[in-house]
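Student: Next comes data.txt, compact mmCIF, C-alpha atoms:
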# COMPACT_ATOMS: atom_id res chain seq x y z
CA MET P 148 0.00 0.00 0.00
CA LYS P 149 1.21 3.52 -0.81
CA ILE P 150 0.55 5.82 2.16
CA LEU P 151 1.02 9.59 2.33
CA ILE P 152 1.16 11.33 5.72
CA THR P 153 0.67 15.05 6.29
CA GLY P 154 2.01 16.74 9.41
CA ALA P 155 4.99 14.38 9.69
CA ASN P 156 6.88 16.87 11.89
CA GLY P 157 4.15 16.91 14.52
CA MET P 158 3.91 14.75 17.64
CA LEU P 159 1.57 12.25 16.02
CA GLY P 160 2.85 12.51 12.45
CA SER P 161 6.44 11.78 13.44
CA MET P 162 5.37 8.68 15.38
CA LEU P 163 3.20 7.49 12.49
CA THR P 164 6.13 7.97 10.14
CA GLU P 165 8.49 6.05 12.40
CA MET P 166 6.08 3.13 12.78
CA LEU P 167 5.05 2.99 9.12
CA PHE P 168 8.67 3.01 7.96
CA LYS P 169 8.98 -0.41 9.66
CA THR P 170 6.13 -1.91 7.65
CA GLU P 171 6.02 -3.25 4.10
CA HIS P 172 4.08 -0.21 2.91
CA GLN P 173 5.58 2.47 0.68
CA ILE P 174 5.54 5.73 2.64
CA LEU P 175 5.75 9.40 1.69
CA ALA P 176 5.87 11.57 4.79
CA THR P 177 5.24 15.29 4.28
CA GLY P 178 5.57 18.34 6.48
CA ARG P 179 6.75 21.93 6.72
CA GLY P 180 10.51 22.35 6.39
CA GLU P 181 13.11 19.66 6.96
CA PHE P 182 12.19 16.47 8.77
CA ARG P 183 12.81 17.09 12.47
CA SER P 184 13.63 13.60 13.68
CA ASN P 185 17.15 12.31 13.20
CA GLN P 186 16.14 8.76 14.08
CA LEU P 187 14.97 7.66 10.64
CA THR P 188 16.74 6.70 7.43
CA PHE P 189 15.16 7.48 4.09
CA ASN P 190 15.33 5.19 1.07
CA GLU P 191 13.38 4.30 -2.05
CA LYS P 192 10.51 2.85 0.01
CA ASN P 193 10.43 5.42 2.80
CA ARG P 194 10.69 9.05 1.76
CA TYR P 195 10.06 12.55 3.06
CA THR P 196 9.25 15.73 1.16
CA THR P 197 8.35 19.23 2.23
CA LEU P 198 4.74 20.26 1.68
CA ASP P 199 3.09 23.58 2.50
CA ILE P 200 -0.59 22.68 2.72
CA LEU P 201 -1.50 26.36 2.33
CA LYS P 202 -0.39 26.07 -1.30
CA PRO P 203 -2.98 24.11 -3.35
CA GLN P 204 -0.54 23.73 -6.25
CA GLU P 205 2.00 21.99 -3.99
CA ILE P 206 -0.72 19.69 -2.66
CA GLU P 207 -1.77 18.73 -6.17
CA GLU P 208 1.81 18.13 -7.32
CA VAL P 209 2.97 16.09 -4.32
CA ILE P 210 -0.14 13.94 -4.10
CA GLY P 211 -0.52 13.67 -7.86
CA ASN P 212 3.07 12.53 -8.34
CA PHE P 213 2.97 9.95 -5.54
CA ARG P 214 -0.61 8.76 -6.17
CA PRO P 215 -1.16 7.26 -2.70
CA ASP P 216 -3.68 4.52 -1.99
CA THR P 217 -4.26 6.16 1.40
CA ILE P 218 -3.76 9.63 2.85
CA ILE P 219 -3.46 10.13 6.61
CA HIS P 220 -4.17 13.81 7.18
CA ALA P 221 -2.60 14.68 10.53
CA ALA P 222 -1.47 18.25 9.78
CA ALA P 223 -3.47 20.92 11.59
CA MET P 224 -3.37 24.13 13.57
CA THR P 225 -4.04 22.79 17.07
CA GLN P 226 -3.27 25.56 19.56
CA VAL P 227 -6.73 26.49 20.83
CA ASP P 228 -5.94 30.09 21.74
CA GLU P 229 -4.07 30.77 18.51
CA CYS P 230 -7.03 29.41 16.54
CA GLU P 231 -9.38 31.72 18.45
CA GLN P 232 -7.15 34.76 17.92
CA ASP P 233 -6.49 34.11 14.23
CA LYS P 234 -9.61 32.49 12.86
CA GLU P 235 -8.65 33.29 9.29
CA LEU P 236 -5.38 31.35 9.47
CA CYS P 237 -7.08 28.54 11.39
CA SER P 238 -9.74 28.32 8.68
CA ARG P 239 -7.11 28.24 5.94
CA ILE P 240 -5.15 25.44 7.59
CA ASN P 241 -7.85 23.30 9.17
CA ILE P 242 -10.69 23.75 6.69
CA ALA P 243 -9.56 25.08 3.29
CA ALA P 244 -6.30 23.10 3.14
CA SER P 245 -8.09 19.94 4.27
CA LYS P 246 -10.57 20.41 1.42
CA ASP P 247 -7.71 20.92 -1.04
CA ILE P 248 -6.15 17.65 0.10
CA MET P 249 -9.54 15.94 -0.29
CA VAL P 250 -9.75 17.20 -3.89
CA ALA P 251 -6.28 15.83 -4.67
CA ALA P 252 -7.19 12.54 -2.97
CA GLN P 253 -10.33 12.29 -5.10
CA LYS P 254 -8.30 12.68 -8.29
CA CYS P 255 -6.01 9.82 -7.25
CA GLY P 256 -8.74 7.57 -5.85
CA SER P 257 -7.08 7.65 -2.43
CA SER P 258 -8.87 6.70 0.77
CA PHE P 259 -8.77 9.46 3.39
CA TYR P 260 -8.05 9.13 7.11
CA TYR P 261 -8.69 12.37 8.96
CA ILE P 262 -7.35 12.99 12.46
CA SER P 263 -9.84 14.97 14.54
CA THR P 264 -10.42 15.91 18.16
CA ASP P 265 -12.61 15.65 21.25
CA PHE P 266 -13.06 19.43 20.96
CA VAL P 267 -15.84 18.87 18.40
CA PHE P 268 -17.98 18.26 21.53
CA ASN P 269 -19.26 20.83 24.02
CA GLY P 270 -17.97 19.01 27.10
CA GLU P 271 -21.26 18.99 29.00
CA ASP P 272 -21.70 15.23 29.25
CA GLY P 273 -18.54 13.38 28.25
CA PRO P 274 -16.99 10.88 27.86
CA TYR P 275 -18.39 10.62 24.35
CA ALA P 276 -19.22 7.85 21.90
CA GLU P 277 -18.93 8.19 18.12
CA THR P 278 -22.68 8.64 17.75
CA ASP P 279 -23.01 11.51 20.26
CA LYS P 280 -24.05 14.95 19.09
CA THR P 281 -21.25 17.41 18.33
CA GLY P 282 -21.21 21.06 19.38
CA PRO P 283 -17.81 22.77 19.70
CA VAL P 284 -17.31 25.66 22.14
CA ASN P 285 -14.22 27.14 20.47
CA PHE P 286 -13.10 27.89 16.93
CA TYR P 287 -10.49 25.14 16.88
CA GLY P 288 -13.22 22.57 17.48
CA GLU P 289 -15.47 24.28 14.95
CA SER P 290 -12.75 24.21 12.28
CA LYS P 291 -12.12 20.50 12.82
CA LEU P 292 -15.85 19.77 12.71
CA GLN P 293 -16.24 21.67 9.45
CA ALA P 294 -13.46 19.57 7.92
CA GLU P 295 -15.18 16.42 9.19
CA GLU P 296 -18.44 17.51 7.55
CA ALA P 297 -16.67 18.29 4.27
CA LEU P 298 -15.14 14.81 4.29
CA LYS P 299 -18.49 13.15 5.01
CA ALA P 300 -20.04 15.06 2.10
CA SER P 301 -17.29 13.99 -0.32
CA ASP P 302 -17.21 10.93 -2.55
CA LEU P 303 -14.04 9.69 -0.86
CA ARG P 304 -13.64 6.47 1.06
CA TRP P 305 -13.18 8.08 4.47
CA CYS P 306 -12.46 7.42 8.09
CA ILE P 307 -12.46 10.03 10.87
CA ILE P 308 -10.33 9.23 13.90
CA ARG P 309 -10.92 11.52 16.87
CA THR P 310 -8.51 11.64 19.78
CA VAL P 311 -7.91 13.39 23.12
CA LEU P 312 -5.00 15.30 24.74
CA LEU P 313 -1.89 13.71 23.23
CA TYR P 314 1.20 13.02 25.33
CA GLY P 315 4.37 11.01 24.86
CA LYS P 316 8.10 11.06 24.25
CA THR P 317 8.73 13.96 21.87
CA ASP P 318 12.15 15.33 22.70
CA HIS P 319 13.63 13.79 19.51
CA ILE P 320 11.53 16.21 17.42
CA LYS P 321 12.05 19.11 19.83
CA ARG P 322 8.37 19.31 20.67
CA SER P 323 6.98 19.73 24.17
CA ASN P 324 3.73 18.48 25.64
CA PHE P 325 1.93 18.63 28.97
CA ILE P 326 4.03 15.87 30.57
CA TYR P 327 7.31 17.66 29.81
CA TRP P 328 5.87 21.01 30.94
CA VAL P 329 5.07 19.53 34.35
CA ARG P 330 8.44 17.81 34.67
CA ASP P 331 10.48 20.84 33.62
CA ASN P 332 8.70 23.20 36.00
CA LEU P 333 9.02 20.84 38.95
CA LEU P 334 12.70 20.24 38.22
CA ALA P 335 13.16 24.01 38.30
CA HIS P 336 11.18 24.15 41.58
CA ASN P 337 8.57 26.36 39.95
CA PRO P 338 5.09 26.25 41.51
CA ILE P 339 2.41 25.50 38.92
CA LYS P 340 -1.36 25.80 38.85
CA VAL P 341 -3.10 22.96 37.04
CA VAL P 342 -6.77 22.63 36.14
CA ASN P 343 -8.72 20.07 38.15
CA ASP P 344 -12.23 20.66 36.80
CA GLN P 345 -11.67 19.44 33.24
CA ILE P 346 -11.95 15.73 32.51
CA ARG P 347 -10.12 13.95 29.69
CA THR P 348 -8.99 10.49 28.58
CA PRO P 349 -5.37 11.40 27.67
CA THR P 350 -3.86 9.54 24.73
CA PHE P 351 -0.39 8.01 24.57
CA ILE P 352 0.92 8.89 21.11
CA PRO P 353 2.28 5.41 20.23
CA ASP P 354 -1.13 3.90 21.10
CA LEU P 355 -2.89 6.33 18.78
CA ALA P 356 -0.41 5.70 15.96
CA LYS P 357 -0.91 1.94 16.28
CA GLY P 358 -4.68 2.42 16.20
CA ILE P 359 -4.51 4.56 13.06
CA ILE P 360 -2.24 2.06 11.28
CA LYS P 361 -4.60 -0.78 12.21
CA ALA P 362 -7.55 1.22 10.85
CA VAL P 363 -5.69 1.88 7.59
CA GLU P 364 -4.64 -1.75 7.13
CA MET P 365 -8.17 -2.96 7.85
CA GLN P 366 -9.56 -0.27 5.51
CA ALA P 367 -11.86 0.85 8.32
CA LYS P 368 -14.60 3.32 7.45
CA GLY P 369 -16.69 5.74 9.51
CA ILE P 370 -15.83 7.42 12.80
CA TYR P 371 -13.62 5.98 15.54
CA HIS P 372 -12.78 7.35 18.96
CA ILE P 373 -9.20 6.45 19.89
CA SER P 374 -7.80 7.62 23.22
CA GLY P 375 -6.61 6.30 26.56
CA ASP P 376 -9.10 4.70 28.93
CA ASP P 377 -7.91 6.44 32.12
CA VAL P 378 -10.33 9.24 33.01
CA LEU P 379 -8.12 11.99 34.45
CA THR P 380 -7.99 15.72 35.06
CA PRO P 381 -4.81 17.59 34.10
CA TYR P 382 -4.12 18.05 37.82
CA GLU P 383 -4.31 14.29 38.39
CA MET P 384 -1.95 13.77 35.46
CA ALA P 385 0.50 16.29 36.93
CA ILE P 386 0.46 14.56 40.32
CA GLU P 387 1.16 11.21 38.64
CA VAL P 388 4.15 12.73 36.80
CA ALA P 389 5.53 14.27 40.01
CA ASP P 390 5.13 11.05 41.97
CA TYR P 391 6.68 8.90 39.23
CA LEU P 392 9.73 11.16 39.03
CA ASN P 393 9.93 11.64 42.81
CA LEU P 394 9.47 15.39 42.43
CA ASP P 395 7.73 17.71 44.89
CA ASN P 396 3.99 17.47 44.21
CA ASN P 397 3.39 20.23 46.76
CA LEU P 398 4.46 22.62 44.01
CA ILE P 399 1.28 21.67 42.14
CA THR P 400 -1.91 23.54 43.03
CA ALA P 401 -5.31 22.35 41.82
CA VAL P 402 -7.40 25.18 40.35
CA ASN P 403 -10.58 25.72 38.38
CA ALA P 404 -10.27 26.71 34.73
CA SER P 405 -12.19 29.91 35.49
CA ILE P 406 -9.08 31.50 37.05
CA PHE P 407 -7.34 31.55 33.65
CA THR P 408 -8.07 34.16 31.03
CA GLN P 409 -7.89 32.29 27.74
CA PRO P 410 -9.17 33.39 24.33
CA GLY P 411 -10.47 29.90 23.54
CA LYS P 412 -12.96 28.26 25.86
CA ARG P 413 -12.21 24.65 26.77
CA PRO P 414 -14.93 22.00 27.04
CA GLN P 415 -15.18 20.87 30.63
CA LYS P 416 -15.79 17.15 30.38
CA THR P 417 -14.78 15.26 27.25
CA GLY P 418 -12.87 12.00 26.96
CA PHE P 419 -14.03 9.03 24.93
CA HIS P 420 -15.74 5.69 25.12
CA ILE P 421 -13.43 3.50 23.03
CA ASN P 422 -15.59 0.37 22.85
CA LYS P 423 -15.92 0.56 19.06
CA ALA P 424 -12.17 0.85 18.46
CA SER P 425 -11.49 -1.91 20.98
CA LYS P 426 -13.96 -4.24 19.32
CA GLU P 427 -13.36 -3.50 15.64
CA LEU P 428 -9.66 -2.53 15.65
CA ASP P 429 -8.51 -4.57 18.65
CA TYR P 430 -7.34 -1.28 20.14
CA GLN P 431 -5.93 -1.69 23.67
CA PRO P 432 -4.31 1.45 25.16
CA ILE P 433 -1.80 1.16 27.97
CA LYS P 434 -2.40 2.76 31.36
CA PHE P 435 -1.16 6.27 32.07
CA LYS P 436 1.28 5.11 34.77
CA LEU P 437 2.86 2.57 32.44
CA ALA P 438 3.12 5.16 29.68
CA LEU P 439 5.19 7.36 32.01
CA LYS P 440 7.70 4.53 32.28
CA PHE P 441 8.08 4.43 28.49
CA ILE P 442 8.51 8.21 28.36
CA PHE P 443 11.06 8.63 31.12
CA GLU P 444 13.07 5.39 31.11
Take the structure in the file and write it out as structure tokens.

Tutor:
Amino acid sequence: MKILITGANGMLGSMLTEMLFKTEHQILATGRGEFRSNQLTFNEKNRYTTLDILKPQEIEEVIGNFRPDTIIHAAAMTQVDECEQDKELCSRINIAASKDIMVAAQKCGSSFYYISTDFVFNGEDGPYAETDKTGPVNFYGESKLQAEEALKASDLRWCIIRTVLLYGKTDHIKRSNFIYWVRDNLLAHNPIKVVNDQIRTPTFIPDLAKGIIKAVEMQAKGIYHISGDDVLTPYEMAIEVADYLNLDNNLITAVNASIFTQPGKRPQKTGFHINKASKELDYQPIKFKLALKFIFE
């Protein structure tokens, strides 16, 4: 199978690239600028090329030349506050560019796997199943939902994979995430305030990548929720990190989200029911505590 990945320099895209390079599939990873990870070797089967998804002509050329059987569209503008403050850029990246990639996919007959988010929900009654009603409370979630709807309305063979609060080992691509933020502040003896009134099912990046690859290889269709199965608040996650690393958890103060002034509202209670992915994709995420061992050892 010929597989093209967008967003290969991101936390998820780099892990997908690393895992897919070890398969028999022919891979073209794409992203902005040079490939960030120095852990992979390129060859005739596994390649990387730069792709600016804001340039429709580049999209058409790269996808048209490679003619993938499957596209995994992981590139996105994901910073909630930045999306709220620059809705035009967010729309161009998350909606318009996604549609341009769909058009190129249609021309090649490619199947389309779109990576989406729990933020398409309003957070009033999570965790959510695939069939639950959407209703984003910020523009990031709205932009991802609009791309989902465009994909559903297309003639493509499609699969939407939604996920929640990614974390994992990302130092090799010089990207931070919540786990590192907690560790680095505690190592510096900086007191931190962490939200304890938002509920998530945080997702270990290697688990998500495995789930996506399984979906692609099984040619899964429809919507799948893929996340961890530990229901945690960010504060509870921070305490787990501190305790695992034997750092001072007294530096961590539990607070309500209302004390922060943020441009983009966050849904209060999301997280996912992953029964469908478990049953149909044999998806089995590891526990948060075990994931910390993989990250830090």

Student: Padding 8 Å on every side, please: axis-aligned box over the listed atoms of range 257-276 of chain P, centre and edge lengths to one decimal in Å, as lines of an AutoDock Vina configuration file.

Tutor:
center_x = -14.4
center_y = 13.8
center_z = 13.4
size_x = 30.6
size_y = 30.1
size_z = 47.7

Student: Tell me, as a compact mmCIF listing (two decimals) with C-alpha atoms, in the frame of the given file, which residues lie within 10 Å of Ser161 in chain P, counting all atoms listed in the file; anything in the same chain fewer than 2 positions away does not count.

Tutor:
# COMPACT_ATOMS: atom_id res chain seq x y z
CA ILE P 152 1.16 11.33 5.72
CA THR P 153 0.67 15.05 6.29
CA GLY P 154 2.01 16.74 9.41
CA ALA P 155 4.99 14.38 9.69
CA ASN P 156 6.88 16.87 11.89
CA GLY P 157 4.15 16.91 14.52
CA MET P 158 3.91 14.75 17.64
CA LEU P 159 1.57 12.25 16.02
CA LEU P 163 3.20 7.49 12.49
CA THR P 164 6.13 7.97 10.14
CA GLU P 165 8.49 6.05 12.40
CA MET P 166 6.08 3.13 12.78
CA LEU P 167 5.05 2.99 9.12
CA ALA P 176 5.87 11.57 4.79
CA THR P 177 5.24 15.29 4.28
CA GLY P 178 5.57 18.34 6.48
CA PHE P 182 12.19 16.47 8.77
CA ARG P 183 12.81 17.09 12.47
CA SER P 184 13.63 13.60 13.68
CA LEU P 187 14.97 7.66 10.64
CA ALA P 221 -2.60 14.68 10.53
CA THR P 317 8.73 13.96 21.87
CA HIS P 319 13.63 13.79 19.51
CA ILE P 320 11.53 16.21 17.42
CA ILE P 352 0.92 8.89 21.11
CA ALA P 356 -0.41 5.70 15.96

Student: How far is it from CA of Glu235 in chain P to CA of Asp302 in chain P, in Å with one decimal?

Tutor: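 Computed distance, CA of Glu235 in chain P to CA of Asp302 in chain P, equals 26.7 Å.
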
Student: From the list P:Met384, P:Ala401, P:Leu236, P:Ala424, which residue is nearest Gly369 in chain P when using all atoms listed in the file?

Tutor: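 When distances to Gly369 in chain P are compared using all atoms listed in the file, the smallest one comes from P:Ala424.
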
Student: Quote the spacing between CA of Gly358 in chain P and CA of Asp216 in chain P in Å to one decimal place.

Tutor: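 Straight-line distance from CA of Gly358 in chain P to CA of Asp216 in chain P works out to 18.3 Å.
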
Student: Calculate how many Å separate CA of Thr170 in chain P from CA of Asn193 in chain P, rounding to one decimal.

Tutor: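 Pair CA of Thr170 in chain P / CA of Asn193 in chain P returns 9.8 Å.
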
Student: Here is a test: counting only C-alpha atoms, which residue of P:Leu151, P:Ile210, P:Leu379, P:Ala276 is nearest to Asp344 in chain P?

Tutor: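 Answer, going by the shortest atom-to-atom distance: P:Leu379.
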
Student: Give me the residues near range 435-437 of chain P as JSON, numbers by chain, where near means some atom within 12 Å (using all atoms listed in the file) and where sequence neighbours in that chain fewer than 4 positions away do not count.

Tutor: {"P": [313, 314, 315, 326, 348, 349, 350, 351, 352, 354, 374, 375, 376, 377, 378, 379, 383, 384, 385, 386, 387, 388, 389, 390, 391, 392, 441, 442, 443, 444]}

Student: Looking at P:Val267, P:Leu333, P:Val342, P:Cys255, which one is nearest to Gly288 in chain P, with distances taken over all atoms listed in the file?

Tutor: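 Between P:Val267, P:Leu333, P:Val342, P:Cys255, the residue approaching Gly288 in chain P most closely is P:Val267.
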
Student: Near Ile150 in chain P, counting only C-alpha atoms, which residues have an atom at most 7 Å away, once you skip same-chain residues fewer than 6 positions from it, shown as JSON, numbers by chain?

Tutor: {"P": [173, 174, 175, 215, 216, 217, 218]}

Student: Find the residues near Ala251 in chain P: any atom within 8 Å, counting only C-alpha atoms, skip ones fewer than 2 places away on the same chain, and give them as a list of chain:residue names.

Tutor: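 These residues fall inside the cut-off: P:Ile206, P:Glu207, P:Ile210, P:Gly211, P:Asp247, P:Ile248, P:Met249, P:Gln253, P:Lys254, P:Cys255.
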
Student: Using all atoms listed in the file, pick whichever of P:Arg179, P:Lys202, P:Lys368, P:Arg214 has the shortest atom-to-atom distance to Ala244 in chain P.

Tutor: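 The closest residue to Ala244 in chain P is P:Lys202.
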
Student: Smallest atom-to-atom distance to Lys299 in chain P: which of P:Ile370, P:Ala335, P:Ile240, P:Leu439, using all atoms listed in the file?

Tutor: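 Using all atoms listed in the file, Lys299 in chain P sits closest to P:Ile370.
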
Student: Determine the nearest neighbour of Arg304 in chain P from the options P:Gly256, P:Pro338, P:Gly282, P:Gly273, counting only C-alpha atoms.

Tutor: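 Ranking P:Gly256, P:Pro338, P:Gly282, P:Gly273 by distance to Arg304 in chain P, first place goes to P:Gly256.
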
Student: Just the residues within 10 Å of Asp429 in chain P, please, counting only C-alpha atoms, with nothing from its chain fewer than 3 positions along; format it as a ChimeraX atom specification.

Tutor: /P:358,361-362,422-426,432

Student: For range 283-307 of chain P, which lacks atoms in the input, supply N, CA, C and O atoms and format the output as a CSV table (one decimal), in the coordinates of the input.

Tutor:
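Below is the file part15.csv, written as the result:
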chain,number,residue,atom,x,y,z
P,283,PRO,N,-19.0,22.2,19.2
P,283,PRO,CA,-17.8,22.8,19.7
P,283,PRO,C,-18.0,24.1,20.4
P,283,PRO,O,-19.0,24.8,20.0
P,284,VAL,N,-17.2,24.4,21.4
P,284,VAL,CA,-17.3,25.7,22.1
P,284,VAL,C,-16.2,26.6,21.8
P,284,VAL,O,-16.1,27.7,22.4
P,285,ASN,N,-15.3,26.2,20.9
P,285,ASN,CA,-14.2,27.1,20.5
P,285,ASN,C,-14.0,27.0,19.0
P,285,ASN,O,-14.5,26.0,18.3
P,286,PHE,N,-13.2,27.9,18.4
P,286,PHE,CA,-13.1,27.9,16.9
P,286,PHE,C,-12.2,26.7,16.4
P,286,PHE,O,-12.4,26.2,15.3
P,287,TYR,N,-11.3,26.3,17.3
P,287,TYR,CA,-10.5,25.1,16.9
P,287,TYR,C,-11.4,23.9,16.7
P,287,TYR,O,-11.3,23.3,15.6
P,288,GLY,N,-12.3,23.7,17.6
P,288,GLY,CA,-13.2,22.6,17.5
P,288,GLY,C,-14.2,22.8,16.3
P,288,GLY,O,-14.5,21.8,15.6
P,289,GLU,N,-14.6,24.0,16.1
P,289,GLU,CA,-15.5,24.3,15.0
P,289,GLU,C,-14.8,24.0,13.6
P,289,GLU,O,-15.3,23.5,12.7
P,290,SER,N,-13.5,24.4,13.5
P,290,SER,CA,-12.8,24.2,12.3
P,290,SER,C,-12.6,22.7,12.0
P,290,SER,O,-12.7,22.3,10.8
P,291,LYS,N,-12.3,21.9,13.0
P,291,LYS,CA,-12.1,20.5,12.8
P,291,LYS,C,-13.5,19.8,12.4
P,291,LYS,O,-13.5,18.9,11.6
P,292,LEU,N,-14.5,20.3,13.0
P,292,LEU,CA,-15.8,19.8,12.7
P,292,LEU,C,-16.2,20.1,11.3
P,292,LEU,O,-16.8,19.2,10.6
P,293,GLN,N,-15.9,21.3,10.8
P,293,GLN,CA,-16.2,21.7,9.4
P,293,GLN,C,-15.5,20.8,8.5
P,293,GLN,O,-16.0,20.4,7.4
P,294,ALA,N,-14.2,20.5,8.8
P,294,ALA,CA,-13.5,19.6,7.9
P,294,ALA,C,-14.1,18.2,7.9
P,294,ALA,O,-14.1,17.5,6.9
P,295,GLU,N,-14.5,17.7,9.1
P,295,GLU,CA,-15.2,16.4,9.2
P,295,GLU,C,-16.4,16.4,8.3
P,295,GLU,O,-16.6,15.4,7.5
P,296,GLU,N,-17.2,17.5,8.3
P,296,GLU,CA,-18.4,17.5,7.6
P,296,GLU,C,-18.1,17.5,6.1
P,296,GLU,O,-18.8,16.9,5.3
P,297,ALA,N,-17.1,18.2,5.7
P,297,ALA,CA,-16.7,18.3,4.3
P,297,ALA,C,-16.3,16.9,3.8
P,297,ALA,O,-16.6,16.5,2.7
P,298,LEU,N,-15.6,16.2,4.6
P,298,LEU,CA,-15.1,14.8,4.3
P,298,LEU,C,-16.3,13.9,4.2
P,298,LEU,O,-16.4,13.1,3.2
P,299,LYS,N,-17.3,14.0,5.1
P,299,LYS,CA,-18.5,13.2,5.0
P,299,LYS,C,-19.3,13.4,3.7
P,299,LYS,O,-19.9,12.5,3.2
P,300,ALA,N,-19.3,14.7,3.3
P,300,ALA,CA,-20.0,15.1,2.1
P,300,ALA,C,-19.3,14.7,0.8
P,300,ALA,O,-19.9,14.8,-0.3
P,301,SER,N,-18.1,14.3,0.9
P,301,SER,CA,-17.3,14.0,-0.3
P,301,SER,C,-17.6,12.6,-0.8
P,301,SER,O,-18.3,11.8,-0.2
P,302,ASP,N,-17.0,12.3,-2.0
P,302,ASP,CA,-17.2,10.9,-2.6
P,302,ASP,C,-16.1,10.0,-2.2
P,302,ASP,O,-15.9,8.9,-2.7
P,303,LEU,N,-15.2,10.5,-1.3
P,303,LEU,CA,-14.0,9.7,-0.9
P,303,LEU,C,-14.4,8.5,0.0
P,303,LEU,O,-15.5,8.5,0.7
P,304,ARG,N,-13.6,7.5,0.0
P,304,ARG,CA,-13.6,6.5,1.1
P,304,ARG,C,-13.0,7.1,2.3
P,304,ARG,O,-11.8,7.3,2.3
P,305,TRP,N,-13.7,7.3,3.4
P,305,TRP,CA,-13.2,8.1,4.5
P,305,TRP,C,-13.3,7.4,5.8
P,305,TRP,O,-14.2,6.5,6.0
P,306,CYS,N,-12.4,7.8,6.7
P,306,CYS,CA,-12.5,7.4,8.1
P,306,CYS,C,-12.0,8.6,8.9
P,306,CYS,O,-11.0,9.2,8.6
P,307,ILE,N,-12.8,8.9,9.9
P,307,ILE,CA,-12.5,10.0,10.9
P,307,ILE,C,-12.0,9.4,12.2
P,307,ILE,O,-12.8,8.6,12.8
